[in-house]
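The structure under discussion appears below in the form of structure tokens.
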Amino acid sequence: MKLVKYFLAGSLFIGSSLSAVTYEASVGAHDFIVSDIKTDGVPAHIKDGTSHTLGLNAGILVKHTTSNNIHIFGKAEVFLDNDQDELDDDHLPIWFNYIIDIDGPLYSFNENNNLLWYIYLDNKQNTVSCIEREIRQHVGLGYSYTNGGFMLALNAYAGFYYIEIDDDTPEERGYSREDTDNGEASHVLELETSYNFTQNLSIYADVKRYNMNMGGENLEDDFLVQINYENANFLNENVGLHLKAQYTKYNFDHFNKEGLLPILPWDNEALVQFYATIPF
């Protein structure tokens, strides 16, 4: 949270000397989904199949573009869950997500073809899927093709990946607290695309694959699709409406121990989120 606060303060300082910083509040509803649950009877209170957790969410977003075309984006979100399935029976039904995303021009071949640099930091904490903490910090380079309302980019990053699994469910499956976290030097490959149907309506899709630097073992795959409708003036001036679907597939093989059940009886999560953004 401190990192987000420092970012907000820094972006405000930059904005005061170059151009206005855009601040938005968000509010919405979500469904947090865990599928393919296979407990083998441990823990006994968790049902096999699919878990849905409905809830409400709110956040603060900061956007800024500097005079030399550096784009700065920051987001801090809080999610309140109506946790019925208790995948973690000691879980507090509130979790957090933070993102800082910065990019800037590196080299321009022409109007449509460009090289960019990136800084991407994100952190989520205390999800119902037993992710106690996940921290990903990466810098990268990428190629971007744009043509009218269409964009396609291929990016590569290097940095650090850390994940900690809440220990309650793993302990019932034979693991100790010391078995539940792992940090790795990592690299990321990303494919992203977007298309503007109209001035207000757009779609964005993104795929990221996280791998260890040593050995190249897969850590995680992320898939995201988001539909955005900006300036929904039938509600209020400059209100944005957003529908996001995000799916994460984890590779927990480096946690699993021979002779024990897998550390968690699932290896995935999905978030379907509808929210509105309001400038302030």
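Ordered as shown in the structure tokens, chains take letters A, B, and onward, while each chain numbers its residues from 1 and ligands are numbered from 1 in the order shown.
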Within 6 Å of A:Ala205, counting only C-alpha atoms, which residues show up once you throw out same-chain ones fewer than 6 positions away? Write them as an mmCIF file with C-alpha atoms, in the first residue's frame, please.
data_model
loop_
_atom_site.group_PDB
_atom_site.id
_atom_site.type_symbol
_atom_site.label_atom_id
_atom_site.label_comp_id
_atom_site.auth_asym_id
_atom_site.auth_seq_id
_atom_site.Cartn_x
_atom_site.Cartn_y
_atom_site.Cartn_z
ATOM 1 C CA GLU A 192 -1.679 -7.847 -25.865
ATOM 2 C CA THR A 193 -4.163 -6.370 -28.304
ATOM 3 C CA LEU A 224 -7.534 -11.164 -19.460
ATOM 4 C CA VAL A 225 -10.337 -9.721 -21.594
#
Excluding same-chain residues fewer than 5 positions from stretch 128-138 of chain A, what lies within 7 Å of it counting only C-alpha atoms, as a tab-separated table (two decimals) with N, CA and C atoms, in the first residue's frame?
chain	number	residue	atom	x	y	z
A	34	VAL	N	-13.25	-20.36	-8.43
A	34	VAL	CA	-12.21	-21.39	-8.39
A	34	VAL	C	-12.83	-22.67	-8.93
A	87	LEU	N	-12.90	-21.95	1.27
A	87	LEU	CA	-11.73	-22.68	0.78
A	87	LEU	C	-10.55	-22.53	1.74
A	88	ASP	N	-10.52	-21.39	2.42
A	88	ASP	CA	-9.64	-21.19	3.56
A	88	ASP	C	-10.55	-20.90	4.75
A	119	ILE	N	7.62	-0.70	-17.21
A	119	ILE	CA	7.78	-1.06	-15.79
A	119	ILE	C	6.42	-1.53	-15.31
A	120	TYR	N	6.36	-2.75	-14.80
A	120	TYR	CA	5.07	-3.30	-14.36
A	120	TYR	C	5.23	-3.93	-12.97
A	121	LEU	N	4.48	-3.40	-12.01
A	121	LEU	CA	4.50	-3.88	-10.64
A	121	LEU	C	3.08	-4.21	-10.23
A	122	ASP	N	2.85	-5.39	-9.68
A	122	ASP	CA	1.52	-5.68	-9.14
A	122	ASP	C	1.63	-6.58	-7.92
A	123	ASN	N	0.57	-6.52	-7.12
A	123	ASN	CA	0.56	-7.19	-5.82
A	123	ASN	C	-0.89	-7.48	-5.47
A	157	TYR	N	9.70	-9.31	-20.44
A	157	TYR	CA	10.08	-8.68	-19.18
A	157	TYR	C	11.05	-9.58	-18.41
A	158	ALA	N	11.80	-8.96	-17.51
A	158	ALA	CA	12.62	-9.69	-16.55
A	158	ALA	C	12.42	-9.05	-15.18
A	159	GLY	N	12.48	-9.88	-14.13
A	159	GLY	CA	12.29	-9.32	-12.81
A	159	GLY	C	12.15	-10.38	-11.74
A	160	PHE	N	11.19	-10.18	-10.84
A	160	PHE	CA	11.06	-11.01	-9.64
A	160	PHE	C	9.61	-11.42	-9.45
A	161	TYR	N	9.43	-12.67	-9.07
A	161	TYR	CA	8.10	-13.24	-8.83
A	161	TYR	C	8.09	-13.89	-7.45
A	162	TYR	N	7.13	-13.52	-6.63
A	162	TYR	CA	7.01	-14.10	-5.28
A	162	TYR	C	5.56	-14.47	-5.03
A	163	ILE	N	5.35	-15.65	-4.47
A	163	ILE	CA	4.00	-16.08	-4.12
A	163	ILE	C	4.04	-16.78	-2.77
A	164	GLU	N	3.03	-16.49	-1.95
A	164	GLU	CA	2.87	-17.13	-0.65
A	164	GLU	C	1.45	-17.68	-0.57
A	165	ILE	N	1.34	-18.96	-0.26
A	165	ILE	CA	0.04	-19.61	-0.11
A	165	ILE	C	-0.35	-19.57	1.36
A	166	ASP	N	-1.60	-19.21	1.64
A	166	ASP	CA	-2.08	-19.25	3.02
A	166	ASP	C	-1.90	-20.68	3.56
A	269	GLU	N	-7.76	-19.68	-10.62
A	269	GLU	CA	-8.77	-18.75	-10.13
A	269	GLU	C	-9.21	-17.88	-11.30
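Distances to A:Tyr204 were evaluated for A:Gly41, A:Gly259, A:Gly49, A:Gly149 using only C-alpha atoms, and the minimum falls at A:Gly149.
Those residues that approach A:Gly28 to within 9 Å, counting only C-alpha atoms, are A:Gly55, A:Leu56, A:Asn57, A:Ala58, A:Gln273, A:Phe274, A:Tyr275, A:Ala276, A:Thr277; same-chain residues fewer than 4 positions away are not listed.
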Suppose we keep C-alpha atoms; can you now write the selection as a PDB file, in the first residue's frame?
ATOM      1  CA  GLY A  55     -18.810  -9.539  -3.676  1.00  0.00           C
ATOM      2  CA  LEU A  56     -18.426  -5.796  -4.069  1.00  0.00           C
ATOM      3  CA  ASN A  57     -15.292  -3.847  -4.949  1.00  0.00           C
ATOM      4  CA  ALA A  58     -14.006  -0.286  -4.912  1.00  0.00           C
ATOM      5  CA  GLN A 273     -15.765  -7.981 -12.497  1.00  0.00           C
ATOM      6  CA  PHE A 274     -18.186  -5.251 -13.556  1.00  0.00           C
ATOM      7  CA  TYR A 275     -17.384  -1.768 -12.347  1.00  0.00           C
ATOM      8  CA  ALA A 276     -17.913   1.915 -13.053  1.00  0.00           C
ATOM      9  CA  THR A 277     -15.215   4.600 -12.933  1.00  0.00           C
TER      10      THR A 277
END
Mind the document's chain letters and residue numbers, and return as a PDB file with C-alpha atoms, in the first residue's frame the residues of stretch 177-214 of chain A that DSSP labels strand (DSSP E).
ATOM      1  CA  ASP A 181       6.148 -19.445  -0.090  1.00  0.00           C
ATOM      2  CA  ASN A 182       8.575 -19.131  -2.977  1.00  0.00           C
ATOM      3  CA  GLY A 183      10.424 -16.281  -4.690  1.00  0.00           C
ATOM      4  CA  GLU A 184      12.143 -16.553  -8.063  1.00  0.00           C
ATOM      5  CA  ALA A 185      14.047 -14.456 -10.572  1.00  0.00           C
ATOM      6  CA  SER A 186      11.652 -14.643 -13.485  1.00  0.00           C
ATOM      7  CA  HIS A 187      10.830 -13.548 -17.001  1.00  0.00           C
ATOM      8  CA  VAL A 188       7.517 -12.831 -18.681  1.00  0.00           C
ATOM      9  CA  LEU A 189       6.269 -13.059 -22.245  1.00  0.00           C
ATOM     10  CA  GLU A 190       3.192 -10.982 -23.041  1.00  0.00           C
ATOM     11  CA  LEU A 191       0.870 -10.653 -26.019  1.00  0.00           C
ATOM     12  CA  GLU A 192      -1.679  -7.847 -25.865  1.00  0.00           C
ATOM     13  CA  THR A 193      -4.163  -6.370 -28.304  1.00  0.00           C
ATOM     14  CA  SER A 194      -6.967  -3.833 -28.331  1.00  0.00           C
ATOM     15  CA  TYR A 195      -9.539  -2.490 -30.740  1.00  0.00           C
ATOM     16  CA  ASN A 196     -11.669   0.653 -30.623  1.00  0.00           C
ATOM     17  CA  LEU A 201     -16.374   1.476 -26.951  1.00  0.00           C
ATOM     18  CA  SER A 202     -13.229  -0.681 -26.939  1.00  0.00           C
ATOM     19  CA  ILE A 203     -12.006  -4.183 -26.133  1.00  0.00           C
ATOM     20  CA  TYR A 204      -8.646  -5.201 -24.677  1.00  0.00           C
ATOM     21  CA  ALA A 205      -7.086  -8.671 -24.370  1.00  0.00           C
ATOM     22  CA  ASP A 206      -3.839  -9.710 -22.700  1.00  0.00           C
ATOM     23  CA  VAL A 207      -1.947 -12.981 -22.188  1.00  0.00           C
ATOM     24  CA  LYS A 208       1.078 -13.272 -19.870  1.00  0.00           C
ATOM     25  CA  ARG A 209       3.275 -16.303 -19.185  1.00  0.00           C
ATOM     26  CA  TYR A 210       5.578 -16.216 -16.139  1.00  0.00           C
ATOM     27  CA  ASN A 211       8.621 -18.514 -16.057  1.00  0.00           C
ATOM     28  CA  MET A 212      11.581 -19.073 -13.739  1.00  0.00           C
TER      29      MET A 212
END
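Of the residues under consideration (A:Ala76, A:Ile37, A:Leu260, A:Ala20), A:Ala76 shows the shortest atom-to-atom contact distance to A:Gln125 when counting only C-alpha atoms.
Of note, atom CA of A:Thr53 and atom CA of A:Asp85 are spaced 7.7 Å apart.
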Can you list every residue of stretch 166-255 of chain A that has an atom at most 10 Å from stretch 30-33 of chain A, with its nearest atom pair and the distance in Å to one decimal, using only C-alpha atoms, ordered by chain then number, as a tab-separated table?
residue	atom	partner	partner_atom	distance
A:Leu243	CA	A:His30	CA	9.7
A:Lys244	CA	A:His30	CA	9.3
A:Ala245	CA	A:Asp31	CA	9.6
A:Gln246	CA	A:Phe32	CA	9.7
A:Tyr247	CA	A:Ile33	CA	9.0
Using N, CA and C atoms, can you write the selected residues to a file as a compact mmCIF listing (two decimals), in the first residue's frame?
# COMPACT_ATOMS: atom_id res chain seq x y z
N LEU A 243 -16.27 -4.17 -18.07
CA LEU A 243 -16.53 -5.58 -17.79
C LEU A 243 -15.23 -6.34 -18.02
N LYS A 244 -14.72 -6.97 -16.96
CA LYS A 244 -13.42 -7.64 -17.02
C LYS A 244 -13.56 -9.10 -16.65
N ALA A 245 -12.91 -9.97 -17.42
CA ALA A 245 -12.82 -11.39 -17.08
C ALA A 245 -11.34 -11.76 -17.09
N GLN A 246 -10.85 -12.27 -15.96
CA GLN A 246 -9.43 -12.61 -15.83
C GLN A 246 -9.30 -14.02 -15.27
N TYR A 247 -8.48 -14.83 -15.92
CA TYR A 247 -8.27 -16.21 -15.50
C TYR A 247 -6.78 -16.42 -15.24
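What separates atom CA of A:Ile227 from atom CA of A:Ser26 is a distance of 15.2 Å.
The shortest atom-to-atom distance to A:Ile70, with only C-alpha atoms taken into account, belongs to A:Leu116 out of A:Ile46, A:Leu116, A:Ile100, A:Leu54.
Picture a line from atom CA of A:Phe96 to atom CA of A:Val78; it runs 4.6 Å.
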